[in-house]
>>> print(open('start-v1.tsv').read())   # TSV, C-alpha atoms
chain	number	residue	atom	x	y	z
L	1	MET	CA	-61.72	-71.26	-72.61
L	2	GLU	CA	-59.78	-70.89	-75.82
L	3	LEU	CA	-56.13	-70.51	-74.91
L	4	THR	CA	-53.33	-69.62	-77.32
L	5	ILE	CA	-49.93	-70.99	-76.35
L	6	LEU	CA	-46.82	-69.39	-77.80
L	7	ALA	CA	-43.69	-71.55	-78.20
L	8	ALA	CA	-45.82	-74.66	-77.74
L	9	SER	CA	-43.03	-76.98	-78.90
L	10	GLY	CA	-40.65	-76.03	-76.09
L	11	ALA	CA	-40.44	-77.89	-72.80
L	12	THR	CA	-42.66	-75.45	-70.91
L	13	GLY	CA	-44.93	-74.84	-73.88
L	14	LEU	CA	-45.59	-78.55	-74.24
L	15	GLU	CA	-46.45	-78.77	-70.56
L	16	LEU	CA	-48.82	-75.81	-70.90
L	17	THR	CA	-50.47	-77.47	-73.91
L	18	ARG	CA	-50.88	-80.85	-72.21
L	19	GLN	CA	-52.29	-79.39	-69.02
L	20	ALA	CA	-54.59	-76.97	-70.83
L	21	LEU	CA	-56.11	-79.82	-72.84
L	22	GLY	CA	-56.34	-81.88	-69.66
L	23	ARG	CA	-58.38	-79.07	-68.07
L	24	GLY	CA	-60.82	-79.16	-70.97
L	25	HIS	CA	-59.73	-75.99	-72.75
L	26	THR	CA	-59.50	-75.44	-76.49
L	27	VAL	CA	-55.87	-74.79	-77.43
L	28	VAL	CA	-54.24	-72.96	-80.33
L	29	ALA	CA	-50.62	-74.13	-80.15
L	30	ILE	CA	-48.09	-71.93	-81.96
L	31	ALA	CA	-44.57	-73.05	-82.90
L	32	ARG	CA	-42.09	-72.60	-85.70
L	33	ASN	CA	-42.29	-76.32	-86.43
L	34	THR	CA	-45.66	-77.81	-85.56
L	35	ASP	CA	-44.26	-81.35	-85.86
L	36	ARG	CA	-42.48	-80.67	-82.58
L	37	ILE	CA	-45.73	-80.07	-80.69
L	38	THR	CA	-45.64	-83.66	-79.50
L	39	VAL	CA	-49.00	-84.01	-77.80
L	40	PRO	CA	-51.77	-86.37	-78.98
L	41	ASN	CA	-54.20	-85.05	-81.55
L	42	SER	CA	-57.42	-83.68	-80.14
L	43	PRO	CA	-60.48	-81.97	-81.63
L	44	ARG	CA	-59.71	-79.17	-79.16
L	45	LEU	CA	-56.15	-78.69	-80.42
L	46	THR	CA	-55.11	-76.58	-83.41
L	47	ARG	CA	-51.45	-76.40	-84.38
L	48	VAL	CA	-50.29	-73.18	-86.05
L	49	ALA	CA	-46.87	-72.58	-87.63
L	50	ALA	CA	-45.49	-69.11	-86.91
L	51	ASP	CA	-42.18	-67.52	-85.95
L	52	VAL	CA	-41.83	-64.50	-83.66
L	53	LEU	CA	-38.99	-63.28	-85.89
L	54	VAL	CA	-41.23	-63.33	-88.97
L	55	PRO	CA	-43.75	-60.57	-88.18
L	56	ASP	CA	-46.41	-61.49	-90.74
L	57	THR	CA	-46.67	-65.08	-89.56
L	58	ILE	CA	-46.88	-64.32	-85.86
L	59	ALA	CA	-49.28	-61.41	-86.35
L	60	GLY	CA	-51.67	-63.66	-88.25
L	61	ALA	CA	-51.41	-66.41	-85.66
L	62	LEU	CA	-52.18	-64.05	-82.77
L	63	GLU	CA	-54.93	-61.99	-84.41
L	64	GLY	CA	-58.19	-62.12	-82.50
L	65	ARG	CA	-56.88	-64.27	-79.65
L	66	GLY	CA	-58.39	-63.74	-76.21
L	67	THR	CA	-55.86	-65.24	-73.80
L	68	VAL	CA	-52.22	-65.87	-74.71
L	69	LEU	CA	-49.76	-67.85	-72.60
L	70	SER	CA	-46.09	-67.79	-73.54
L	71	GLY	CA	-43.47	-70.40	-72.82
L	72	LEU	CA	-41.08	-68.55	-75.10
L	73	GLY	CA	-37.42	-68.98	-74.25
L	74	VAL	CA	-34.16	-68.52	-76.08
L	75	ALA	CA	-32.16	-71.47	-77.36
L	76	GLY	CA	-28.49	-71.13	-78.21
L	77	ARG	CA	-29.27	-71.10	-81.94
L	78	ASP	CA	-31.86	-68.31	-81.69
L	79	ASN	CA	-31.16	-64.84	-82.97
L	80	PRO	CA	-30.85	-61.99	-80.45
L	81	GLY	CA	-34.07	-60.21	-79.68
L	82	ALA	CA	-36.42	-63.20	-79.99
L	83	LEU	CA	-38.09	-62.51	-76.65
L	84	THR	CA	-38.60	-58.83	-77.41
L	85	ALA	CA	-39.98	-59.67	-80.86
L	86	GLY	CA	-42.40	-62.13	-79.31
L	87	ALA	CA	-43.55	-59.65	-76.67
L	88	GLN	CA	-44.04	-56.92	-79.26
L	89	ALA	CA	-46.11	-59.27	-81.41
L	90	VAL	CA	-48.29	-60.30	-78.49
L	91	ALA	CA	-48.81	-56.71	-77.33
L	92	ALA	CA	-49.66	-55.59	-80.86
L	93	ALA	CA	-52.35	-58.29	-81.11
L	94	ARG	CA	-54.07	-56.80	-78.02
L	95	PRO	CA	-55.35	-60.03	-76.45
L	96	GLN	CA	-57.60	-59.74	-73.42
L	97	HIS	CA	-54.99	-61.32	-71.17
L	98	VAL	CA	-51.33	-62.33	-71.47
L	99	VAL	CA	-49.51	-64.72	-69.15
L	100	TRP	CA	-45.77	-64.59	-69.84
L	101	LEU	CA	-42.99	-66.82	-68.52
L	102	GLY	CA	-39.96	-64.91	-67.28
L	103	ALA	CA	-37.06	-65.67	-64.98
L	104	TYR	CA	-36.57	-64.86	-61.31
L	105	GLY	CA	-33.78	-62.34	-60.98
L	106	THR	CA	-34.65	-60.22	-64.02
L	107	GLY	CA	-36.31	-56.81	-64.07
L	108	PRO	CA	-38.65	-56.29	-61.09
L	109	SER	CA	-37.31	-59.30	-59.14
L	110	ALA	CA	-33.61	-58.45	-59.64
L	111	GLN	CA	-33.11	-56.85	-56.25
L	112	ALA	CA	-34.85	-59.66	-54.38
L	113	ALA	CA	-32.76	-62.27	-56.21
L	114	GLY	CA	-29.40	-60.90	-55.15
L	115	PRO	CA	-26.12	-60.29	-57.01
L	116	LEU	CA	-25.14	-63.95	-57.54
L	117	THR	CA	-28.35	-64.80	-59.36
L	118	ARG	CA	-28.21	-61.60	-61.42
L	119	THR	CA	-24.65	-62.40	-62.48
L	120	LEU	CA	-25.58	-65.95	-63.46
L	121	LEU	CA	-28.49	-64.73	-65.57
L	122	ARG	CA	-26.21	-62.32	-67.41
L	123	LEU	CA	-23.90	-65.22	-68.24
L	124	LEU	CA	-26.71	-67.50	-69.42
L	125	GLY	CA	-28.28	-65.20	-71.99
L	126	ASP	CA	-29.23	-61.75	-73.19
L	127	LEU	CA	-30.56	-60.17	-70.00
L	128	ASN	CA	-31.58	-56.98	-71.80
L	129	ASP	CA	-33.80	-59.00	-74.14
L	130	LYS	CA	-35.55	-60.65	-71.17
L	131	VAL	CA	-36.05	-57.38	-69.31
L	132	THR	CA	-37.28	-55.51	-72.39
L	133	ALA	CA	-39.76	-58.27	-73.28
L	134	GLU	CA	-41.16	-58.44	-69.76
L	135	GLY	CA	-41.53	-54.65	-69.66
L	136	ILE	CA	-43.60	-54.75	-72.85
L	137	ILE	CA	-45.91	-57.40	-71.39
L	138	LEU	CA	-46.31	-55.58	-68.08
L	139	ASP	CA	-47.03	-52.29	-69.86
L	140	ALA	CA	-49.73	-54.12	-71.83
L	141	GLY	CA	-51.35	-55.26	-68.57
L	142	GLY	CA	-50.14	-58.84	-68.73
L	143	THR	CA	-48.92	-61.10	-65.94
L	144	VAL	CA	-45.27	-62.14	-65.85
L	145	PHE	CA	-44.26	-65.27	-63.94
L	146	HIS	CA	-40.74	-65.16	-62.52
L	147	ALA	CA	-39.73	-68.78	-62.05
L	148	GLY	CA	-36.56	-70.09	-60.48
L	149	PRO	CA	-34.45	-72.78	-62.20
L	150	LEU	CA	-36.79	-75.16	-64.01
L	151	THR	CA	-36.77	-78.92	-63.48
L	152	ASN	CA	-38.58	-81.83	-65.12
L	153	GLY	CA	-40.08	-82.94	-61.81
L	154	PRO	CA	-43.78	-83.64	-61.21
L	155	LEU	CA	-46.53	-81.20	-60.40
L	156	SER	CA	-46.10	-80.20	-56.77
L	157	PRO	CA	-49.12	-81.09	-54.59
L	158	THR	CA	-48.25	-78.16	-52.31
L	159	ARG	CA	-47.78	-75.58	-55.08
L	160	ARG	CA	-48.70	-71.95	-54.56
L	161	THR	CA	-48.34	-68.63	-56.33
L	162	ILE	CA	-47.41	-65.39	-54.61
L	163	GLY	CA	-46.97	-61.82	-55.77
L	164	LEU	CA	-43.47	-60.40	-55.96
L	165	ARG	CA	-44.21	-58.00	-53.09
L	166	ASP	CA	-44.88	-61.01	-50.83
L	167	SER	CA	-41.59	-62.74	-51.62
L	168	SER	CA	-38.51	-62.70	-49.43
L	169	SER	CA	-34.92	-62.25	-50.58
L	170	ARG	CA	-32.90	-65.41	-51.07
L	171	LEU	CA	-29.31	-66.16	-51.97
L	172	PHE	CA	-30.42	-68.62	-54.66
L	173	PRO	CA	-33.91	-68.94	-56.18
L	174	ALA	CA	-35.93	-72.04	-55.36
L	175	ARG	CA	-36.11	-74.67	-58.08
L	176	VAL	CA	-39.55	-75.33	-59.52
L	177	SER	CA	-40.83	-77.96	-61.93
L	178	ARG	CA	-42.14	-76.99	-65.35
L	179	ALA	CA	-45.33	-78.85	-64.48
L	180	THR	CA	-45.81	-76.61	-61.45
L	181	VAL	CA	-45.07	-73.46	-63.44
L	182	ALA	CA	-47.50	-74.47	-66.18
L	183	ALA	CA	-50.23	-75.15	-63.63
L	184	ALA	CA	-49.68	-71.75	-62.02
L	185	MET	CA	-49.82	-69.98	-65.39
L	186	LEU	CA	-53.04	-71.77	-66.31
L	187	ASP	CA	-54.53	-70.87	-62.94
L	188	GLU	CA	-53.80	-67.24	-63.75
L	189	ALA	CA	-55.35	-67.55	-67.21
L	190	GLU	CA	-58.52	-69.01	-65.71
L	191	ASN	CA	-58.70	-66.67	-62.74
L	192	PRO	CA	-56.56	-63.53	-63.20
L	193	THR	CA	-55.10	-62.56	-59.85
L	194	HIS	CA	-51.80	-60.82	-60.65
L	195	THR	CA	-52.82	-58.77	-63.70
L	196	GLY	CA	-50.19	-56.19	-64.61
L	197	GLY	CA	-47.71	-57.58	-62.09
L	198	VAL	CA	-45.09	-60.22	-61.38
L	199	ALA	CA	-46.02	-63.55	-59.80
L	200	LEU	CA	-43.76	-66.26	-58.41
L	201	PRO	CA	-44.69	-69.95	-58.83
L	202	LEU	CA	-43.48	-72.01	-55.87
L	203	GLU	CA	-43.56	-75.71	-55.09
L	204	ARG	CA	-44.40	-75.09	-51.42
>>> encode(input="start-v1.tsv", output="structure tokens")
Amino acid sequence: MELTILAASGATGLELTRQALGRGHTVVAIARNTDRITVPNSPRLTRVAADVLVPDTIAGALEGRGTVLSGLGVAGRDNPGALTAGAQAVAAARPQHVVWLGAYGTGPSAQAAGPLTRTLLRLLGDLNDKVTAEGIILDAGGTVFHAGPLTNGPLSPTRRTIGLRDSSSRLFPARVSRATVAAAMLDEAENPTHTGGVALPLER
């Protein structure tokens, strides 16, 4: 498959890029600074410079793409609305399939996450931006992954993905490694199972 990875220079985006190449896919890796896409060169890897907050650049980078995976997050230096801008750009490009990384406790999973998690998410960033972006992706028929706190641990050998409706309420969300999340998102890209819904990547 040809896979387009948005925010490919971030921690999750890099993991998506590495694993996608490892699975034999052709990858178009998009980042503001392509020098930060620190994976080895490959004939199946194309680096593209584009910024979700610069509409012309991101529109050109996404045009004609079939499957888009997003590891887009918000760093402290980012302007408000980066997630929404990214989601709008992806939706406008009308790819065949979108797999978007979100956070457990936002939007559809807020009630299952409980009040403590919802409060923490409000403190950590612009919750409205996250919810708005995820709504755009879901309305476009994409799949949104709601992951718990991310770690740099290894790929879990017992990993699994469940739909939000199959999850149970918890006081605190389960931690999950970026490697496990990336693998779950790539599984979804290869074999869409949760199209138009929210999926939870779990280590066991």
>>> atom_distance(input="start-v1.tsv", atom1="atom CA of Val28 of chain L", atom2="atom CA of Gly142 of chain L")
18.7 Å
>>> closest_atom_pairs(input="start-v1.tsv", of="segment 61-174 of chain L", to="segment 8-19 of chain L", cutoff="8 Å", atoms="all atoms listed in the file", output="JSON lines")
{"residue": "L:Ser70", "atom": "CA", "partner": "L:Gly13", "partner_atom": "CA", "distance": 7.2}
{"residue": "L:Gly71", "atom": "CA", "partner": "L:Gly13", "partner_atom": "CA", "distance": 4.8}
{"residue": "L:Leu72", "atom": "CA", "partner": "L:Gly13", "partner_atom": "CA", "distance": 7.5}
{"residue": "L:Gly73", "atom": "CA", "partner": "L:Gly10", "partner_atom": "CA", "distance": 8.0}
>>> residues_around(input="start-v1.tsv", residues="His25 of chain L", least_positions_apart="3", cutoff="6 Å", atoms="all atoms listed in the file", output="PyMOL selection string")
chain L and resi 1-2+20-21
>>> closest_residue(input="start-v1.tsv", among="L:His194, L:Arg44, L:His146, L:Arg160", to="Val27 of chain L", atoms="all atoms listed in the file")
L:Arg44
>>> atom_distance(input="start-v1.tsv", atom1="atom CA of Arg204 of chain L", atom2="atom CA of Ala113 of chain L")
18.0 Å
>>> residues_around(input="start-v1.tsv", residues="Gly107 of chain L", least_positions_apart="5", cutoff="10 Å", atoms="all atoms listed in the file", output="PyMOL selection string")
chain L and resi 102+118+127-128+130-135+146+198
>>> closest_residue(input="start-v1.tsv", among="L:Val99, L:Ala85, L:Ile136, L:Ala61", to="Ala184 of chain L", atoms="all atoms listed in the file")
L:Val99
>>> atom_distance(input="start-v1.tsv", atom1="atom CA of Gly60 of chain L", atom2="atom CA of Thr193 of chain L")
28.6 Å
>>> axis_aligned_box(input="start-v1.tsv", around="segment 14-23 of chain L", padding_each_side="6 Å", output="lines of an AutoDock Vina configuration file")
center_x = -52.0
center_y = -78.8
center_z = -71.2
size_x = 24.8
size_y = 18.1
size_z = 18.2
>>> closest_residue(input="start-v1.tsv", among="L:Arg165, L:Phe172, L:Val181, L:Glu188", to="Leu3 of chain L", atoms="all atoms listed in the file")
L:Glu188
>>> residues_around(input="start-v1.tsv", residues="Leu200 of chain L", least_positions_apart="3", cutoff="8 Å", atoms="all atoms listed in the file", output="list of chain:residue names")
L:Tyr104, L:Phe145, L:His146, L:Ala147, L:Thr161, L:Ile162, L:Gly163, L:Leu164, L:Ser167
>>> residues_around(input="start-v1.tsv", residues="Asn152 of chain L", least_positions_apart="6", cutoff="9 Å", atoms="only C-alpha atoms", output="list in words")
Ala11, Val176, Ser177, Arg178 and Ala179 of chain L
>>> closest_residue(input="start-v1.tsv", among="L:Gln96, L:Thr84, L:Thr143, L:Thr151", to="Asp129 of chain L", atoms="all atoms listed in the file")
L:Thr84
>>> closest_residue(input="start-v1.tsv", among="L:Leu45, L:Ala140, L:Ile58, L:Leu83", to="Val98 of chain L", atoms="only C-alpha atoms")
L:Ala140
>>> decode(input="start-v1.tsv", residues="segment 39-60 of chain L", atoms="N, CA and C atoms", output="compact mmCIF listing (two decimals), in the first residue's frame")
# COMPACT_ATOMS: atom_id res chain seq x y z
N VAL L 39 14.39 8.54 10.03
CA VAL L 39 14.39 7.13 9.68
C VAL L 39 15.34 6.97 8.50
N PRO L 40 15.93 5.79 8.32
CA PRO L 40 16.87 5.60 7.21
C PRO L 40 16.20 5.84 5.86
N ASN L 41 17.00 6.32 4.92
CA ASN L 41 16.48 6.50 3.57
C ASN L 41 16.05 5.16 2.98
N SER L 42 15.04 5.22 2.15
CA SER L 42 14.53 4.02 1.50
C SER L 42 13.92 4.43 0.17
N PRO L 43 14.01 3.58 -0.85
CA PRO L 43 13.35 3.89 -2.12
C PRO L 43 11.83 3.93 -1.98
N ARG L 44 11.30 3.42 -0.85
CA ARG L 44 9.86 3.44 -0.62
C ARG L 44 9.43 4.58 0.29
N LEU L 45 10.37 5.49 0.58
CA LEU L 45 10.07 6.62 1.47
C LEU L 45 10.26 7.94 0.74
N THR L 46 9.20 8.78 0.78
CA THR L 46 9.28 10.13 0.26
C THR L 46 8.97 11.10 1.39
N ARG L 47 9.86 12.03 1.62
CA ARG L 47 9.65 13.06 2.64
C ARG L 47 9.07 14.30 1.99
N VAL L 48 8.02 14.85 2.60
CA VAL L 48 7.35 16.03 2.05
C VAL L 48 7.22 17.08 3.15
N ALA L 49 7.67 18.31 2.86
CA ALA L 49 7.55 19.41 3.82
C ALA L 49 6.20 20.09 3.65
N ALA L 50 5.44 20.15 4.74
CA ALA L 50 4.14 20.82 4.72
C ALA L 50 3.72 21.11 6.15
N ASP L 51 2.91 22.13 6.32
CA ASP L 51 2.47 22.58 7.64
C ASP L 51 0.95 22.67 7.64
N VAL L 52 0.31 22.05 8.62
CA VAL L 52 -1.17 22.08 8.66
C VAL L 52 -1.70 23.49 8.81
N LEU L 53 -0.88 24.42 9.32
CA LEU L 53 -1.33 25.79 9.49
C LEU L 53 -1.03 26.67 8.27
N VAL L 54 -0.47 26.05 7.23
CA VAL L 54 -0.24 26.75 5.96
C VAL L 54 -1.04 25.98 4.90
N PRO L 55 -2.29 26.39 4.67
CA PRO L 55 -3.22 25.58 3.87
C PRO L 55 -2.70 25.12 2.52
N ASP L 56 -2.01 26.00 1.79
CA ASP L 56 -1.55 25.62 0.45
C ASP L 56 -0.56 24.46 0.50
N THR L 57 0.32 24.46 1.48
CA THR L 57 1.32 23.41 1.55
C THR L 57 0.70 22.07 1.91
N ILE L 58 -0.19 22.07 2.88
CA ILE L 58 -0.77 20.79 3.31
C ILE L 58 -1.76 20.27 2.28
N ALA L 59 -2.47 21.15 1.61
CA ALA L 59 -3.41 20.71 0.57
C ALA L 59 -2.66 20.01 -0.56
N GLY L 60 -1.53 20.59 -0.96
CA GLY L 60 -0.73 19.98 -2.02
C GLY L 60 -0.14 18.65 -1.60
